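Novice: Sharing coords_3.csv below, CSV, C-alpha atoms:
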```
chain,number,residue,atom,x,y,z
A,956,MET,CA,31.8,21.5,118.9
A,957,PRO,CA,28.9,23.8,117.9
A,958,GLU,CA,25.9,21.5,118.8
A,959,SER,CA,24.0,22.2,122.0
A,960,PRO,CA,24.1,19.4,124.6
A,961,GLY,CA,20.7,18.1,123.5
A,962,GLU,CA,21.6,17.8,119.8
A,963,ALA,CA,23.4,15.1,117.9
A,964,SER,CA,23.9,15.3,114.2
A,965,ALA,CA,25.1,12.4,112.0
A,966,LEU,CA,28.8,11.6,112.6
A,967,LEU,CA,31.1,9.4,110.6
A,968,LEU,CA,34.3,8.1,112.2
A,969,GLY,CA,36.5,7.1,109.3
A,970,GLY,CA,39.4,4.7,109.0
A,971,ALA,CA,39.5,3.6,112.7
A,972,ARG,CA,41.3,0.5,113.7
A,973,LEU,CA,39.5,-1.9,116.1
A,974,ALA,CA,41.1,-4.1,118.8
A,975,ASP,CA,40.8,-7.1,116.5
A,976,GLY,CA,42.8,-5.4,113.8
A,977,ARG,CA,40.1,-4.4,111.4
A,978,ALA,CA,40.1,-0.9,109.8
A,979,VAL,CA,36.5,0.4,109.7
A,980,ASP,CA,34.2,3.3,109.2
A,981,VAL,CA,31.6,3.9,112.0
A,982,ARG,CA,28.5,5.9,111.3
A,983,ILE,CA,26.6,7.3,114.2
A,984,ALA,CA,23.0,8.7,114.2
A,985,GLY,CA,21.8,10.2,117.5
A,986,PRO,CA,23.1,8.4,120.6
A,987,ARG,CA,23.7,5.0,118.9
A,988,ILE,CA,25.9,3.4,116.3
A,989,GLU,CA,24.0,3.1,113.0
A,990,ALA,CA,26.5,1.2,110.9
A,991,VAL,CA,30.0,-0.3,110.8
A,992,GLY,CA,31.7,-1.1,107.5
A,993,THR,CA,35.2,-1.6,106.1
A,994,ALA,CA,37.3,1.6,105.9
A,995,GLY,CA,36.1,3.8,103.0
A,996,SER,CA,32.8,2.1,102.6
A,997,LEU,CA,30.4,4.5,104.5
A,998,THR,CA,29.3,8.0,103.8
A,999,THR,CA,27.4,10.7,105.7
A,1000,SER,CA,25.8,14.0,105.2
A,1001,GLY,CA,27.0,15.1,108.6
A,1002,THR,CA,30.4,15.5,110.2
A,1003,ARG,CA,33.4,13.2,109.3
A,1004,VAL,CA,36.2,12.6,111.7
A,1005,ASP,CA,39.4,11.0,110.3
A,1006,LEU,CA,40.5,8.4,112.7
A,1007,ARG,CA,43.3,6.9,110.6
A,1008,GLY,CA,46.1,6.0,113.1
A,1009,TYR,CA,43.6,5.7,116.0
A,1010,LEU,CA,42.4,2.7,117.9
A,1011,LEU,CA,38.6,2.8,118.5
A,1012,LEU,CA,37.4,1.3,121.8
A,1013,PRO,CA,34.3,1.3,124.0
A,1014,ALA,CA,34.6,4.3,126.3
A,1015,PRO,CA,35.7,3.7,129.9
A,1016,ALA,CA,33.6,4.4,133.0
A,1017,GLU,CA,35.0,5.7,136.3
A,1018,PRO,CA,33.6,3.6,139.1
A,1019,HIS,CA,35.3,5.2,142.1
A,1020,ALA,CA,36.0,8.9,142.2
A,1021,HIS,CA,35.9,11.5,145.1
A,1022,ALA,CA,34.4,14.5,143.4
A,1023,ASP,CA,33.8,16.5,146.6
A,1024,THR,CA,37.4,16.5,147.7
A,1025,ALA,CA,39.1,16.4,144.3
A,1026,LEU,CA,41.8,19.0,143.5
A,1027,THR,CA,42.1,20.2,147.1
A,1028,GLY,CA,45.6,18.9,147.9
A,1029,ALA,CA,47.2,22.3,147.4
A,1030,ALA,CA,44.8,24.2,149.7
A,1031,ALA,CA,46.4,26.1,152.5
A,1032,GLY,CA,43.8,24.9,155.1
A,1033,PRO,CA,40.8,22.6,155.2
A,1034,PRO,CA,39.0,22.5,151.9
A,1035,SER,CA,35.7,24.4,151.6
A,1036,HIS,CA,32.5,22.3,151.6
A,1037,ARG,CA,30.3,25.1,150.4
A,1038,PRO,CA,28.1,23.8,147.6
A,1039,GLU,CA,29.4,26.3,145.0
A,1040,ASP,CA,33.0,25.4,145.8
A,1041,VAL,CA,32.3,21.7,145.6
A,1042,ARG,CA,30.4,22.2,142.3
A,1043,ARG,CA,33.4,23.9,140.7
A,1044,ARG,CA,35.9,21.2,141.9
A,1045,ALA,CA,33.5,18.4,140.9
A,1046,THR,CA,32.9,19.9,137.5
A,1047,GLU,CA,36.6,20.4,136.8
A,1048,ALA,CA,37.5,16.8,138.0
A,1049,ALA,CA,34.7,15.3,135.8
A,1050,LEU,CA,35.9,17.2,132.8
A,1051,LEU,CA,39.4,16.0,133.4
A,1052,GLN,CA,38.2,12.4,133.6
A,1053,LEU,CA,36.1,13.0,130.5
A,1054,SER,CA,39.2,14.1,128.5
A,1055,HIS,CA,40.8,10.9,129.5
A,1056,GLY,CA,37.8,9.0,128.0
A,1057,ALA,CA,35.5,8.3,131.0
A,1058,THR,CA,31.9,9.1,129.8
A,1059,ALA,CA,30.4,8.0,133.1
A,1060,VAL,CA,31.6,8.7,136.7
A,1061,ARG,CA,30.5,7.3,140.0
A,1062,ALA,CA,31.5,9.9,142.6
A,1063,HIS,CA,31.6,9.1,146.3
A,1064,VAL,CA,30.5,12.1,148.5
A,1065,ARG,CA,30.6,12.4,152.3
A,1066,VAL,CA,27.3,13.2,153.9
A,1067,GLY,CA,26.5,14.1,157.5
A,1068,GLY,CA,28.8,15.5,160.2
A,1069,VAL,CA,29.9,19.1,160.1
A,1070,GLN,CA,29.6,19.4,156.3
A,1071,GLY,CA,26.0,18.1,156.3
A,1072,LEU,CA,24.6,17.7,152.8
A,1073,GLY,CA,26.5,20.7,151.3
A,1074,PRO,CA,29.0,18.5,149.3
A,1075,LEU,CA,26.2,16.4,147.9
A,1076,GLU,CA,24.3,19.5,146.8
A,1077,GLY,CA,27.5,20.7,145.0
A,1078,VAL,CA,28.0,17.4,143.2
A,1079,LEU,CA,24.4,17.2,142.2
A,1080,ALA,CA,24.7,20.7,140.8
A,1081,ALA,CA,27.8,19.6,138.8
A,1082,ARG,CA,25.8,16.7,137.5
A,1083,ARG,CA,23.2,19.0,136.1
A,1084,SER,CA,25.7,21.3,134.5
A,1085,LEU,CA,27.5,18.4,132.9
A,1086,ARG,CA,24.4,16.8,131.3
A,1087,GLY,CA,25.2,16.0,127.7
A,1088,LEU,CA,28.9,15.8,128.3
A,1089,THR,CA,29.2,13.0,130.8
A,1090,GLU,CA,27.1,11.0,133.2
A,1091,LEU,CA,27.8,11.8,136.9
A,1092,THR,CA,26.2,9.6,139.6
A,1093,ALA,CA,26.6,10.5,143.3
A,1094,VAL,CA,27.2,7.9,146.1
A,1095,ALA,CA,26.1,9.1,149.5
A,1096,VAL,CA,28.8,8.0,152.0
A,1097,PRO,CA,28.1,8.5,155.8
A,1098,ARG,CA,30.8,7.8,158.4
A,1099,LEU,CA,28.8,6.4,161.3
A,1100,LEU,CA,25.4,4.7,161.2
A,1101,THR,CA,25.0,2.8,164.5
A,1102,GLY,CA,24.4,3.8,168.1
A,1103,VAL,CA,23.6,7.3,169.3
A,1104,ALA,CA,26.5,8.9,167.3
A,1105,GLY,CA,25.2,7.2,164.1
A,1106,ALA,CA,21.7,8.7,164.2
A,1107,ASP,CA,22.9,11.8,162.4
A,1108,GLY,CA,24.5,9.8,159.7
A,1109,LEU,CA,21.4,7.6,159.1
A,1110,ALA,CA,19.2,10.7,158.9
A,1111,ALA,CA,21.7,12.3,156.4
A,1112,LEU,CA,21.8,9.2,154.3
A,1113,ARG,CA,18.0,9.1,154.0
A,1114,ASP,CA,17.9,12.8,153.1
A,1115,ALA,CA,20.7,12.2,150.6
A,1116,VAL,CA,18.5,9.7,148.8
A,1117,ASP,CA,15.6,12.1,148.7
A,1118,MET,CA,18.0,14.8,147.2
A,1119,GLY,CA,19.0,12.5,144.3
A,1120,ALA,CA,21.9,10.3,145.4
A,1121,GLY,CA,21.8,7.4,143.1
A,1122,VAL,CA,23.9,4.9,145.1
A,1123,ILE,CA,24.0,4.1,148.9
A,1124,GLY,CA,27.5,4.1,150.3
A,1125,GLY,CA,29.1,3.5,153.6
A,1126,SER,CA,32.3,2.9,155.5
A,1127,PRO,CA,31.8,-0.1,157.8
A,1128,ASP,CA,35.5,-0.2,158.8
A,1129,LEU,CA,35.1,3.2,160.5
A,1130,ASP,CA,32.0,2.3,162.5
A,1131,PRO,CA,32.2,0.7,166.0
A,1132,ASP,CA,29.6,-1.8,164.7
A,1133,PRO,CA,30.6,-2.7,161.1
A,1134,ALA,CA,27.9,-5.4,160.8
A,1135,GLY,CA,25.2,-3.0,162.0
A,1136,HIS,CA,26.6,-0.3,159.6
A,1137,THR,CA,26.4,-2.7,156.6
A,1138,GLU,CA,22.9,-3.9,157.6
A,1139,ALA,CA,21.6,-0.3,157.7
A,1140,VAL,CA,23.1,0.4,154.3
A,1141,LEU,CA,21.6,-2.7,152.7
A,1142,GLU,CA,18.2,-2.2,154.3
A,1143,LEU,CA,18.0,1.4,152.9
A,1144,ALA,CA,19.2,0.3,149.5
A,1145,ALA,CA,16.7,-2.5,149.3
A,1146,ALA,CA,13.9,-0.2,150.3
A,1147,HIS,CA,14.7,2.3,147.5
A,1148,GLY,CA,15.9,-0.2,144.9
A,1149,LEU,CA,19.4,1.4,144.8
A,1150,PRO,CA,22.8,-0.1,144.4
A,1151,VAL,CA,25.4,-0.3,147.2
A,1152,ASP,CA,29.0,0.8,147.1
A,1153,LEU,CA,31.0,0.3,150.4
A,1154,HIS,CA,34.5,1.5,151.4
A,1155,THR,CA,36.4,-1.3,153.0
A,1156,ASP,CA,40.0,-2.5,153.3
A,1157,GLY,CA,38.8,-6.1,153.2
A,1158,ASP,CA,41.5,-7.2,155.7
A,1159,ASP,CA,39.0,-9.0,158.1
A,1160,PRO,CA,37.8,-12.3,156.6
A,1161,ALA,CA,35.1,-12.8,159.3
A,1162,ARG,CA,33.7,-9.3,158.6
A,1163,LEU,CA,33.7,-10.0,154.8
A,1164,ALA,CA,31.9,-13.3,155.4
A,1165,ARG,CA,29.1,-11.5,157.3
A,1166,LEU,CA,28.9,-8.8,154.6
A,1167,THR,CA,28.7,-11.3,151.7
A,1168,ALA,CA,26.0,-13.3,153.6
A,1169,MET,CA,23.9,-10.1,153.9
A,1170,ALA,CA,24.6,-8.8,150.4
A,1171,GLY,CA,24.1,-12.0,148.4
A,1172,GLY,CA,21.3,-11.5,145.9
A,1173,LEU,CA,20.8,-7.8,146.5
A,1174,ARG,CA,19.9,-6.1,143.3
A,1175,PRO,CA,20.9,-3.9,141.5
A,1176,GLY,CA,24.2,-5.0,143.1
A,1177,VAL,CA,27.0,-4.4,145.7
A,1178,CYS,CA,30.5,-3.0,145.1
A,1179,LEU,CA,33.3,-3.1,147.6
A,1180,GLY,CA,36.6,-1.2,147.4
A,1181,PRO,CA,39.4,-0.7,147.5
A,1182,CYS,CA,40.0,-4.0,149.3
A,1183,ALA,CA,43.8,-3.7,149.5
A,1184,GLY,CA,43.7,-5.8,152.7
A,1185,LEU,CA,42.7,-8.9,150.7
A,1186,SER,CA,46.3,-9.1,149.4
A,1187,ARG,CA,47.6,-9.4,153.0
A,1188,LEU,CA,45.5,-12.4,153.9
A,1189,PRO,CA,47.0,-15.9,154.0
A,1190,GLY,CA,46.6,-17.7,150.6
A,1191,GLU,CA,43.9,-20.2,151.7
A,1192,GLU,CA,41.9,-17.5,153.6
A,1193,ALA,CA,42.1,-15.2,150.5
A,1194,ALA,CA,40.9,-18.0,148.3
A,1195,ARG,CA,37.9,-18.7,150.6
A,1196,THR,CA,37.0,-15.1,150.7
A,1197,ALA,CA,37.2,-14.8,146.9
A,1198,ASP,CA,34.8,-17.7,146.6
A,1199,ARG,CA,32.4,-16.1,149.0
A,1200,LEU,CA,32.5,-12.8,147.1
A,1201,ALA,CA,31.9,-14.6,143.8
A,1202,ALA,CA,29.0,-16.6,145.2
A,1203,ALA,CA,27.4,-13.4,146.5
A,1204,GLY,CA,27.8,-11.6,143.2
A,1205,VAL,CA,29.8,-8.8,144.9
A,1206,THR,CA,32.0,-6.6,142.6
A,1207,VAL,CA,35.5,-5.6,143.9
A,1208,VAL,CA,36.7,-2.1,142.9
A,1209,CYS,CA,40.5,-1.8,143.0
A,1210,LEU,CA,42.4,1.5,142.9
A,1211,PRO,CA,45.8,0.8,141.2
A,1212,GLN,CA,46.6,4.5,140.8
A,1213,GLY,CA,46.5,5.3,144.6
A,1214,CYS,CA,44.1,5.2,147.4
A,1215,CYS,CA,41.2,7.2,148.9
A,1216,SER,CA,40.3,8.9,152.2
A,1217,GLY,CA,38.1,6.0,153.2
A,1218,ALA,CA,40.9,3.4,153.3
A,1219,ARG,CA,43.7,2.8,155.7
A,1220,LEU,CA,45.7,0.6,153.4
A,1221,ARG,CA,47.3,1.2,150.0
A,1222,GLY,CA,47.8,-1.2,147.2
A,1223,THR,CA,45.6,-3.5,145.2
A,1224,PRO,CA,43.8,-6.8,146.1
A,1225,PRO,CA,44.9,-10.1,144.5
A,1226,VAL,CA,43.3,-9.3,141.2
A,1227,ARG,CA,44.2,-12.6,139.4
A,1228,LEU,CA,43.0,-14.7,142.4
A,1229,LEU,CA,39.7,-12.9,142.5
A,1230,ARG,CA,39.2,-13.2,138.7
A,1231,ALA,CA,40.0,-16.9,138.8
A,1232,ALA,CA,37.3,-17.4,141.5
A,1233,GLY,CA,34.8,-15.6,139.3
A,1234,VAL,CA,34.7,-12.3,141.1
A,1235,ARG,CA,33.9,-9.3,138.9
A,1236,VAL,CA,36.9,-6.9,139.4
A,1237,ILE,CA,36.9,-3.4,138.1
A,1238,ALA,CA,39.4,-0.5,138.5
A,1239,GLY,CA,38.9,3.1,139.5
A,1240,SER,CA,41.0,6.2,140.2
A,1241,GLY,CA,40.1,7.0,143.9
A,1242,ALA,CA,41.5,10.2,145.3
A,1243,LEU,CA,42.4,12.9,142.8
A,1244,ARG,CA,45.0,15.4,144.1
A,1245,ASP,CA,43.6,15.7,147.6
A,1246,SER,CA,45.0,15.0,151.0
A,1247,ALA,CA,44.9,11.2,150.5
A,1248,ASN,CA,46.7,11.2,147.1
A,1249,PRO,CA,48.2,14.6,146.0
A,1250,VAL,CA,49.2,13.4,142.5
A,1251,GLY,CA,46.2,11.6,141.1
A,1252,ARG,CA,45.5,11.7,137.3
A,1253,GLY,CA,42.0,10.2,137.2
A,1254,ASP,CA,43.0,8.3,134.0
A,1255,PRO,CA,41.3,5.0,133.4
A,1256,LEU,CA,43.9,4.0,130.8
A,1257,GLU,CA,46.6,4.4,133.4
A,1258,ALA,CA,44.6,2.2,135.8
A,1259,ALA,CA,44.4,-0.4,133.0
A,1260,TYR,CA,48.2,0.0,132.3
A,1261,LEU,CA,49.0,-0.7,135.9
A,1262,LEU,CA,46.7,-3.8,136.0
A,1263,ALA,CA,48.7,-5.1,133.0
A,1264,SER,CA,52.2,-4.1,134.1
A,1265,GLN,CA,51.9,-4.7,137.9
A,1266,GLU,CA,49.1,-7.3,138.2
A,1267,GLY,CA,49.8,-9.5,135.2
A,1268,LEU,CA,46.5,-9.1,133.3
A,1269,SER,CA,46.5,-9.1,129.6
A,1270,PRO,CA,46.0,-5.7,127.9
A,1271,GLY,CA,42.5,-6.8,126.9
A,1272,HIS,CA,41.4,-7.9,130.4
A,1273,ALA,CA,43.0,-4.8,131.9
A,1274,TYR,CA,41.1,-2.5,129.6
A,1275,ASP,CA,37.9,-4.4,130.2
A,1276,ALA,CA,38.2,-3.7,133.9
A,1277,VAL,CA,37.8,0.0,133.2
A,1278,SER,CA,35.4,-0.3,130.3
A,1279,GLY,CA,33.0,-3.2,129.6
A,1280,THR,CA,33.1,-4.8,133.1
A,1281,ALA,CA,33.1,-1.4,134.8
A,1282,ARG,CA,30.1,-0.3,132.8
A,1283,ALA,CA,28.2,-3.5,133.7
A,1284,ALA,CA,29.0,-3.0,137.4
A,1285,LEU,CA,27.7,0.5,137.3
A,1286,GLY,CA,24.4,-0.6,135.6
A,1287,LEU,CA,25.3,1.1,132.3
A,1288,PRO,CA,24.4,-0.4,128.9
A,1289,GLY,CA,27.1,-2.5,127.3
A,1290,VAL,CA,29.1,-1.0,124.4
A,1291,ARG,CA,30.5,-2.7,121.4
A,1292,VAL,CA,31.6,-1.1,118.1
A,1293,GLU,CA,28.7,-2.6,116.3
A,1294,ALA,CA,25.4,-1.3,114.9
A,1295,GLY,CA,22.7,-0.7,117.5
A,1296,PHE,CA,25.0,-0.2,120.5
A,1297,PRO,CA,25.4,3.1,122.4
A,1298,ALA,CA,27.8,5.6,120.8
A,1299,GLU,CA,30.1,5.8,123.9
A,1300,LEU,CA,33.5,5.5,122.4
A,1301,LEU,CA,37.2,6.4,122.9
A,1302,ALA,CA,39.6,6.8,120.0
A,1303,VAL,CA,43.3,6.6,121.1
A,1304,ARG,CA,46.3,7.1,118.8
A,1305,GLY,CA,47.9,3.7,118.3
A,1306,ASP,CA,47.5,0.5,116.3
A,1307,GLY,CA,47.0,-1.9,119.2
A,1308,LEU,CA,45.7,-2.1,122.7
A,1309,ALA,CA,49.1,-2.7,124.3
A,1310,GLY,CA,50.5,0.4,122.6
A,1311,ALA,CA,47.5,2.5,123.4
A,1312,LEU,CA,47.8,1.7,127.1
A,1313,SER,CA,51.5,2.5,127.0
A,1314,LEU,CA,51.4,5.9,125.1
A,1315,ALA,CA,47.8,7.0,125.2
A,1316,TYR,CA,48.4,10.7,124.7
A,1317,SER,CA,46.1,11.8,121.8
A,1318,ARG,CA,42.4,10.9,122.4
A,1319,ILE,CA,39.0,11.7,121.0
A,1320,VAL,CA,35.9,11.0,123.2
A,1321,VAL,CA,32.4,10.4,121.9
A,1322,HIS,CA,29.4,10.5,124.3
A,1323,ARG,CA,25.8,10.0,123.2
A,1324,GLY,CA,26.9,10.3,119.6
A,1325,ARG,CA,28.8,13.6,119.9
A,1326,VAL,CA,32.5,14.3,120.0
A,1327,VAL,CA,32.7,15.9,123.5
A,1328,ALA,CA,36.5,16.0,124.2
A,1329,ARG,CA,39.7,16.0,122.2
A,1330,THR,CA,43.3,15.8,123.5
A,1331,SER,CA,46.1,16.1,121.0
A,1332,ALA,CA,49.8,15.5,121.5
A,1333,VAL,CA,52.7,15.9,119.0
A,1334,ARG,CA,56.1,14.5,119.7
A,1335,GLU,CA,59.0,16.3,118.0
A,1336,TYR,CA,62.7,15.6,117.9
A,1337,ARG,CA,65.6,17.7,116.7
A,1338,ASP,CA,66.8,16.5,113.3
A,1339,SER,CA,64.3,13.6,113.6
A,1340,GLY,CA,63.4,13.7,109.9
A,1341,THR,CA,66.8,12.4,108.9
A,1342,ALA,CA,66.8,9.7,111.6
A,1343,ALA,CA,63.3,8.6,110.8
A,1344,SER,CA,64.0,8.4,107.1
A,1345,ALA,CA,67.1,6.4,107.6
A,1346,HIS,CA,65.5,3.8,109.7
A,1347,GLY,CA,62.0,3.8,108.2
A,1348,LEU,CA,60.4,5.0,111.4
A,1349,PRO,CA,57.0,6.7,111.8
A,1350,ARG,CA,57.2,10.3,112.6
A,1351,GLN,CA,54.9,13.0,114.1
A,1352,GLY,CA,55.7,16.7,113.7
A,1353,ARG,CA,55.0,19.9,112.0
A,1354,THR,CA,55.9,20.7,108.4
A,1355,ASP,CA,57.5,24.0,109.4
A,1356,SER,CA,60.6,24.5,111.5
A,1357,GLY,CA,59.2,24.1,115.0
A,1358,PRO,CA,61.0,24.6,118.3
A,1359,CYS,CA,63.1,21.5,117.8
A,1360,GLY,CA,63.7,21.9,114.1
A,1361,GLY,CA,65.6,25.2,113.7
A,1362,PRO,CA,69.1,25.5,112.4
```
As structure tokens, please, write out the structure in this file.

Specialist:
Amino acid sequence: MPESPGEASALLLGGARLADGRAVDVRIAGPRIEAVGTAGSLTTSGTRVDLRGYLLLPAPAEPHAHADTALTGAAAGPPSHRPEDVRRRATEAALLQLSHGATAVRAHVRVGGVQGLGPLEGVLAARRSLRGLTELTAVAVPRLLTGVAGADGLAALRDAVDMGAGVIGGSPDLDPDPAGHTEAVLELAAAHGLPVDLHTDGDDPARLARLTAMAGGLRPGVCLGPCAGLSRLPGEEAARTADRLAAAGVTVVCLPQGCCSGARLRGTPPVRLLRAAGVRVIAGSGALRDSANPVGRGDPLEAAYLLASQEGLSPGHAYDAVSGTARAALGLPGVRVEAGFPAELLAVRGDGLAGALSLAYSRIVVHRGRVVARTSAVREYRDSGTAASAHGLPRQGRTDSGPCGGP
């Protein structure tokens, strides 16, 4: 990938299959798609990437990551919050998520307390170093905002906005005054014109009713997650709460791959109930190999797979929860594989969405019109050539005698 982050030469993606079954060529000029035609119909003077055997999709976006604590689960003691250490971890985590296909990441970062603004400084430094590869946005998350103990958190939150945090976060469940905590977050967000993203389990209907009453109409929007407690409410109460969330335009961010340090409860909210009520539901990865979840992958396609396999969503709706709907909730431009749309794309080996969500090993990621990540996987079997020929099965492998093909 010889171009510098600021450059983008002409790029032709040849022979890709779309989710609707069409085989197409996609020509990209700069950060946008220039043309889409039937396979074999387009040419370019720039780079051509052969995508025969790949499914081409709008790129996912990661709506709920924890960049400051990512990859700390194996540490012998408490993880370092020094900016340089956080920058290294946040960069590595964002690149891992980029390799999976996420070209935008919203990273929740603790501010205030003993660590002060050091973690935010590290994440913002990672954002600068990743420019041109992925879009990293920081959510400033204080612990307490009310009473004498909350004065430090409120001051840290204001300083975090001045430093460059793009989203106002909070953890009302951890504050002695959850309503006051939420009110402080919403007031600061309204004053600065910033979105809100709150950690909550969602297991208190009265508290959610007050939150939705305060949040209704706030622009550019409010997200709540992971809201696993919604699934533990009685059916009628959950339905009423879903109606309130929908009326207020609040987005629910679920974490099907695990949990995060800001939540007491594991699991997912009642996704189908929320969607039926008109709530915008998106999926994120949450904790990534830290003390809250030591085995996280940070893979949006795995989140979509779990929504399909465990929550009963169709593959299309499940993938939309990590791509189109997630992008809309994060305030990002919409993406379609059509001329004029941003060239934010993910190519996954496979001929259909269900298969791609099941076995999405080989991937090619395009951000702002450039190929920014490739992951290749080859599956080999001993004596597989004979078996594949006998049954007419597709086969991947090397033409020489590899580790499984010797005598």

Novice: Kindly indicate which residue among A:Val1151, A:Ala1298, A:Val991, A:Ala1029 lies nearest to Val979 of chain A, using only C-alpha atoms for the distances.

Specialist: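 Once distances to Val979 of chain A are computed over only C-alpha atoms, the minimum belongs to A:Val991.
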
Novice: If we count only C-alpha atoms and set the cut-off at 7 Å, which residues sit around segment 963-977 of chain A, ignoring sequence neighbours fewer than 2 positions away in its own chain? Please answer as a PyMOL selection string.

Specialist: chain A and resi 958+961+979-985+994-995+999+1001-1007+1009-1012+1306-1308+1324-1325

Novice: So how many Å separate atom CA of Thr1223 of chain A and atom CA of Ala1193 of chain A, to one decimal?

Specialist: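 These two atoms are separated by 13.3 Å.
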
Novice: Return as a Markdown table the residues of segment 1077-1133 of chain A lying at most 6 Å from segment 1153-1160 of chain A, together with the closest atom-to-atom pair for each and the distance in Å to one decimal, counting all atoms listed in the file, with rows in chain order and ascending residue number.

Specialist:
```
| residue | atom | partner | partner_atom | distance |
| --- | --- | --- | --- | --- |
| A:Gly1124 | CA | A:Leu1153 | CA | 5.2 |
| A:Gly1125 | CA | A:Leu1153 | CA | 4.9 |
| A:Ser1126 | CA | A:His1154 | CA | 4.9 |
| A:Asp1128 | CA | A:Thr1155 | CA | 6.0 |
```

Novice: List the spatial neighbours of Thr1137 of chain A as an mmCIF file with C-alpha atoms, keeping the file's coordinate frame - criterion: any atom at most 8 Å away, only C-alpha atoms, same-chain residues fewer than 2 positions off excluded.

Specialist:
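Written output follows (selection.cif):
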```cif
data_model
loop_
_atom_site.group_PDB
_atom_site.id
_atom_site.type_symbol
_atom_site.label_atom_id
_atom_site.label_comp_id
_atom_site.auth_asym_id
_atom_site.auth_seq_id
_atom_site.Cartn_x
_atom_site.Cartn_y
_atom_site.Cartn_z
ATOM 1 C CA GLY A 1125 29.100 3.500 153.600
ATOM 2 C CA PRO A 1127 31.800 -0.100 157.800
ATOM 3 C CA PRO A 1133 30.600 -2.700 161.100
ATOM 4 C CA ALA A 1134 27.900 -5.400 160.800
ATOM 5 C CA GLY A 1135 25.200 -3.000 162.000
ATOM 6 C CA ALA A 1139 21.600 -0.300 157.700
ATOM 7 C CA VAL A 1140 23.100 0.400 154.300
ATOM 8 C CA LEU A 1141 21.600 -2.700 152.700
ATOM 9 C CA LEU A 1166 28.900 -8.800 154.600
#
```

Novice: Tell me, in Å to one decimal, how far atom CA of Thr1167 of chain A is from atom CA of Thr1196 of chain A.

Specialist: 9.2 Å

Novice: I'd like the neighbourhood of segment 1094-1100 of chain A as number ranges by chain, where a residue qualifies if any of its atoms comes within 9 Å (using only C-alpha atoms), though same-chain residues fewer than 4 positions away should be ignored.

Specialist: A: 1061-1068, 1075, 1104-1112, 1115-1116, 1120-1127, 1129-1132, 1135-1137, 1139-1140, 1151-1154

Novice: Could you pull the residues within 8 Å of segment 1169-1174 of chain A, counting all atoms listed in the file, minus those fewer than 6 positions along the same chain, as a list in words?

Specialist: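 Residues meeting the cut-off are Glu1138, Leu1141, Ala1145, Gly1148, Leu1149, Pro1150, Ala1202, Ala1203, Gly1204 and Val1205 of chain A.
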
Novice: Which residue, A:Ser1246, A:Ser996, A:Leu1300, A:Arg1219, has the smallest gap to Pro1033 of chain A when you use all atoms listed in the file?

Specialist: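 Using all atoms listed in the file, the shortest distance to Pro1033 of chain A belongs to A:Ser1246.
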
Novice: Using only C-alpha atoms, can you list as a ChimeraX atom specification the residues within 9 Å of (26.2, -0.1, 112.9)?

Specialist: /A:981-983,987-992,1292-1296

Novice: Quote the spacing between atom CA of Gly1176 of chain A and atom CA of His1021 of chain A in Å to one decimal place.

Specialist: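 For atom CA of Gly1176 of chain A relative to atom CA of His1021 of chain A, the distance reads 20.3 Å.
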